[in-house]
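Only one structure is covered here, and it is reproduced in the block below.
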Amino acid sequence: MSKIEEVFTAIETGKAKIIAELVQSAIDEGNDPMEILNQGMVNAMSVIGERFSRGEAFVPEMLISARTMKKGVEVLKPHLAKDAATSFGTAVIGTVQGDMHDIGKNLVAMMIESAGFEVVDLEVDVPLERFVEAIQMHSNVRIVALSTLLTTTMPAMKNIVAGLNALPNRDSFRVMVGGAPITADFAKLIGADGYSPDAAAAAVLAKSLVS
Ligand code: B1M
């Protein structure tokens, strides 16, 4: 079994105690950090999700795998983040109100930061008011990034974008959205400036929106 497959199995089966060591040895073997992330970690979370859909796994299993993945990402983080000399300003990010999923949002925050933004992470279950407050409190906010994983919180995303679009200083920042149920069409429909399907593309999009 390759080290990436071992990482996959550890996340799938929630082996939080050994994940840091496994990820480190996958890095030491010379595996590409993005491959460890996507093939080893993100794919394992998809398998857990499919099992949950079929009624073969339950919330505790999803939670344990999520905790394992977070520990693995901590080890991977310094290898993914590249030093960016440019400063593109501040990016405010959060998972929308009603949604507690944060792994994808954390990856997007990490990639945007490594692309040269100061990141203000509002974490999860974030209502419009907290995004507005963050835009007012922090200087040079150029990007507001919204994540959601649930179809049931897509209306919350729509409402938050509508609220942001009504702000008098709307021209000073760009709004980007993403998350598993989100599509480019939905992003356009709700009036966001951009959509990206994954964290790496989110960093590219954030830069292009402010350049
Ligand atoms: Co949840 N959950 N969950 N869950 N969970 C999903 C999302 C689900 C698809 C599982 C399934 O049914 N197959 C399903 C949603 C179904 C739907 O809406 N149609 C679901 C459900 C139903 C639920 C609960 C309702 C279950 C329950 O309680 N009965 C509940 C909701 C709680 C709430 O939020 N209010 C719930 C709870 C949980 C846990 C807490 C147990 C845990 C989350 C732990 C945590 O995040 N700290 C959890 C998990 C782990 C999952 C799955 C298995 C994995 C999610 C994940 O971390 N993926 C998930 C199944 C799946 O995704 N296949 C599932 C890895 C991560 C890297 O990917 O977040 O998609 P993702 O991020 C991607 C892209 O989407 C994108 O970039 C990332 C990759 O680079 N992206 C962006 C994300 N945000 C972006 C923003 C951008 C751009 C790109 O720009 C701003």
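Following the order of the structure tokens, first chain is A, next is B, and so on, with residues numbered from 1 inside each chain and ligands from 1 in the order they appear.
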
Give the residues close to ligand 1, within 6 Å, counting only C-alpha atoms and all ligand atoms; write them as a PyMOL selection string. chain A and resi 42+45-46+48-50+52-53+59+62-63+66+98-105+145-152+176-180+196-199+202

Same residues, N, CA and C atoms, output as an mmCIF file, in the first residue's frame:
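Below you can see out28.cif, which holds the result:
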```cif
data_model
loop_
_atom_site.group_PDB
_atom_site.id
_atom_site.type_symbol
_atom_site.label_atom_id
_atom_site.label_comp_id
_atom_site.auth_asym_id
_atom_site.auth_seq_id
_atom_site.Cartn_x
_atom_site.Cartn_y
_atom_site.Cartn_z
ATOM 1 N N VAL A 42 -9.164 14.364 0.649
ATOM 2 C CA VAL A 42 -10.479 14.796 0.147
ATOM 3 C C VAL A 42 -11.269 13.583 -0.375
ATOM 4 N N MET A 45 -12.844 11.653 2.410
ATOM 5 C CA MET A 45 -14.042 12.311 2.945
ATOM 6 C C MET A 45 -15.234 12.071 2.010
ATOM 7 N N SER A 46 -14.980 12.022 0.693
ATOM 8 C CA SER A 46 -16.076 11.760 -0.254
ATOM 9 C C SER A 46 -16.639 10.362 -0.027
ATOM 10 N N ILE A 48 -16.645 8.661 2.764
ATOM 11 C CA ILE A 48 -17.459 8.701 4.001
ATOM 12 C C ILE A 48 -18.832 9.312 3.701
ATOM 13 N N GLY A 49 -18.822 10.396 2.909
ATOM 14 C CA GLY A 49 -20.086 11.053 2.551
ATOM 15 C C GLY A 49 -21.008 10.121 1.784
ATOM 16 N N GLU A 50 -20.422 9.345 0.834
ATOM 17 C CA GLU A 50 -21.248 8.406 0.051
ATOM 18 C C GLU A 50 -21.843 7.336 0.969
ATOM 19 N N PHE A 52 -22.490 7.703 4.120
ATOM 20 C CA PHE A 52 -23.542 8.357 4.916
ATOM 21 C C PHE A 52 -24.837 8.411 4.105
ATOM 22 N N SER A 53 -24.709 8.754 2.808
ATOM 23 C CA SER A 53 -25.891 8.829 1.932
ATOM 24 C C SER A 53 -26.605 7.488 1.843
ATOM 25 N N VAL A 59 -23.385 10.241 11.630
ATOM 26 C CA VAL A 59 -22.714 11.495 11.973
ATOM 27 C C VAL A 59 -21.416 11.267 12.774
ATOM 28 N N MET A 62 -18.610 10.512 10.435
ATOM 29 C CA MET A 62 -18.225 11.693 9.638
ATOM 30 C C MET A 62 -17.372 12.627 10.487
ATOM 31 N N LEU A 63 -17.767 12.754 11.757
ATOM 32 C CA LEU A 63 -17.069 13.655 12.672
ATOM 33 C C LEU A 63 -15.647 13.168 12.950
ATOM 34 N N ALA A 66 -13.563 13.708 9.970
ATOM 35 C CA ALA A 66 -13.288 15.150 9.826
ATOM 36 C C ALA A 66 -12.172 15.563 10.767
ATOM 37 N N GLY A 98 -26.210 28.510 9.546
ATOM 38 C CA GLY A 98 -26.914 27.225 9.517
ATOM 39 C C GLY A 98 -26.020 26.059 9.156
ATOM 40 N N ASP A 99 -24.801 26.349 8.697
ATOM 41 C CA ASP A 99 -23.895 25.289 8.229
ATOM 42 C C ASP A 99 -22.641 25.239 9.103
ATOM 43 N N MET A 100 -22.333 24.035 9.618
ATOM 44 C CA MET A 100 -21.186 23.869 10.526
ATOM 45 C C MET A 100 -19.967 23.255 9.825
ATOM 46 N N HIS A 101 -20.068 22.928 8.543
ATOM 47 C CA HIS A 101 -18.928 22.294 7.850
ATOM 48 C C HIS A 101 -17.805 23.315 7.653
ATOM 49 N N ASP A 102 -16.587 22.907 8.024
ATOM 50 C CA ASP A 102 -15.513 23.908 7.897
ATOM 51 C C ASP A 102 -14.236 23.413 7.210
ATOM 52 N N ILE A 103 -14.170 22.153 6.818
ATOM 53 C CA ILE A 103 -12.896 21.649 6.273
ATOM 54 C C ILE A 103 -12.587 22.309 4.920
ATOM 55 N N GLY A 104 -13.578 22.321 4.030
ATOM 56 C CA GLY A 104 -13.376 22.947 2.721
ATOM 57 C C GLY A 104 -13.101 24.435 2.870
ATOM 58 N N LYS A 105 -13.873 25.088 3.740
ATOM 59 C CA LYS A 105 -13.664 26.532 3.989
ATOM 60 C C LYS A 105 -12.252 26.784 4.504
ATOM 61 N N ALA A 145 -15.680 35.820 0.968
ATOM 62 C CA ALA A 145 -15.789 34.451 0.443
ATOM 63 C C ALA A 145 -16.737 33.628 1.307
ATOM 64 N N LEU A 146 -17.766 33.083 0.654
ATOM 65 C CA LEU A 146 -18.797 32.323 1.371
ATOM 66 C C LEU A 146 -18.763 30.862 0.954
ATOM 67 N N SER A 147 -18.810 29.987 1.968
ATOM 68 C CA SER A 147 -18.813 28.549 1.693
ATOM 69 C C SER A 147 -20.090 27.932 2.240
ATOM 70 N N THR A 148 -20.618 26.942 1.529
ATOM 71 C CA THR A 148 -21.652 26.101 2.127
ATOM 72 C C THR A 148 -21.622 24.702 1.533
ATOM 73 N N LEU A 149 -21.930 23.722 2.367
ATOM 74 C CA LEU A 149 -21.910 22.310 1.956
ATOM 75 C C LEU A 149 -23.320 21.725 1.891
ATOM 76 N N LEU A 150 -24.290 22.453 2.417
ATOM 77 C CA LEU A 150 -25.647 21.906 2.521
ATOM 78 C C LEU A 150 -26.573 22.562 1.515
ATOM 79 N N THR A 151 -27.416 21.757 0.886
ATOM 80 C CA THR A 151 -28.414 22.348 -0.011
ATOM 81 C C THR A 151 -29.390 23.208 0.803
ATOM 82 N N THR A 152 -29.617 22.821 2.062
ATOM 83 C CA THR A 152 -30.581 23.562 2.898
ATOM 84 C C THR A 152 -30.078 24.953 3.284
ATOM 85 N N MET A 176 -17.175 36.043 -3.595
ATOM 86 C CA MET A 176 -17.032 34.743 -4.261
ATOM 87 C C MET A 176 -17.653 33.646 -3.395
ATOM 88 N N VAL A 177 -18.192 32.640 -4.075
ATOM 89 C CA VAL A 177 -18.906 31.571 -3.359
ATOM 90 C C VAL A 177 -18.411 30.206 -3.824
ATOM 91 N N GLY A 178 -18.634 29.206 -2.966
ATOM 92 C CA GLY A 178 -18.269 27.840 -3.334
ATOM 93 C C GLY A 178 -18.764 26.854 -2.297
ATOM 94 N N GLY A 179 -18.461 25.585 -2.559
ATOM 95 C CA GLY A 179 -18.945 24.507 -1.696
ATOM 96 C C GLY A 179 -19.631 23.473 -2.566
ATOM 97 N N ALA A 180 -19.712 22.235 -2.070
ATOM 98 C CA ALA A 180 -20.162 21.119 -2.904
ATOM 99 C C ALA A 180 -21.469 21.345 -3.689
ATOM 100 N N SER A 196 -15.845 29.178 -7.538
ATOM 101 C CA SER A 196 -14.792 28.216 -7.888
ATOM 102 C C SER A 196 -15.116 26.867 -7.257
ATOM 103 N N PRO A 197 -14.728 25.789 -7.952
ATOM 104 C CA PRO A 197 -15.113 24.451 -7.487
ATOM 105 C C PRO A 197 -14.227 23.904 -6.377
ATOM 106 N N ASP A 198 -12.990 24.413 -6.252
ATOM 107 C CA ASP A 198 -12.111 23.876 -5.212
ATOM 108 C C ASP A 198 -11.187 24.962 -4.668
ATOM 109 N N ALA A 199 -10.389 24.572 -3.668
ATOM 110 C CA ALA A 199 -9.592 25.563 -2.943
ATOM 111 C C ALA A 199 -8.485 26.168 -3.814
ATOM 112 N N ALA A 202 -10.000 28.574 -6.045
ATOM 113 C CA ALA A 202 -10.488 29.737 -5.278
ATOM 114 C C ALA A 202 -9.380 30.781 -5.135
#
```

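Nearest-residue note for Ile36 of chain A: choosing from A:Leu205, A:Ile19, A:Ile11, A:Leu76, the minimum distance belongs to A:Leu76, counting only C-alpha atoms.
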
Have a look at A:Gly72, A:Pro60, A:Pro127, A:Pro155 and name the one nearest to Ser25 of chain A; count only C-alpha atoms.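 Closest residue, counting only C-alpha atoms: A:Gly72.
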
Measuring atom to atom with only C-alpha atoms, identify which of A:Lys158, A:Lys207, A:His79, A:Lys15 is nearest to Glu61 of chain A.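 Closest residue, counting only C-alpha atoms: A:Lys15.
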
Would you give me, as number ranges by chain, the residues in chain A that DSSP reads as alpha helix (DSSP H)? A: 3-12, 16-28, 33-35, 43-53, 59-80, 103-114, 128-137, 154-165, 184-189, 199-210

Interatomic distance (Å, one decimal) between atom CA of Val124 of chain A and atom CA of Val92 of chain A: 12.3 Å

Which of A:Leu128, A:Ile143, A:Ser211, A:Leu167 sits closest to Asp193 of chain A [using only C-alpha atoms]: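 Distance minimum relative to Asp193 of chain A lands on A:Ile143.
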
Counting only C-alpha atoms, the option among A:Ile160, A:Ile18, A:Ala201, A:Val7 closest to Asn31 of chain A: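 Of the candidates, the smallest distance to Asn31 of chain A is held by A:Val7.
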
Using only C-alpha atoms for the distances, tell me which of A:Thr9, A:Ile4, A:Gly163, A:Met154 is nearest to Pro181 of chain A. A:Met154

Report as a VMD selection string all protein, DNA and RNA residues lying within 10 Å of Leu22 of chain A, evaluated on only C-alpha atoms, omitting residues in the same chain fewer than 5 positions from it. chain A and resid 3 to 4 6 to 8 10 17 27 to 28 72 75

Quick one: residues within 10 Å of Arg130 of chain A, only C-alpha atoms counted, chain neighbours fewer than 5 positions away excluded, as a compact mmCIF listing (two decimals) with C-alpha atoms, in the first residue's frame?
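And here's result-v5.txt as it stands now:
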```
# COMPACT_ATOMS: atom_id res chain seq x y z
CA GLY A 94 -16.93 32.10 6.50
CA GLN A 97 -25.48 30.65 8.69
CA LEU A 122 -15.27 34.11 10.70
CA ASP A 125 -22.66 29.47 11.00
CA ILE A 135 -16.03 44.42 6.30
CA GLN A 136 -16.41 47.53 8.48
```
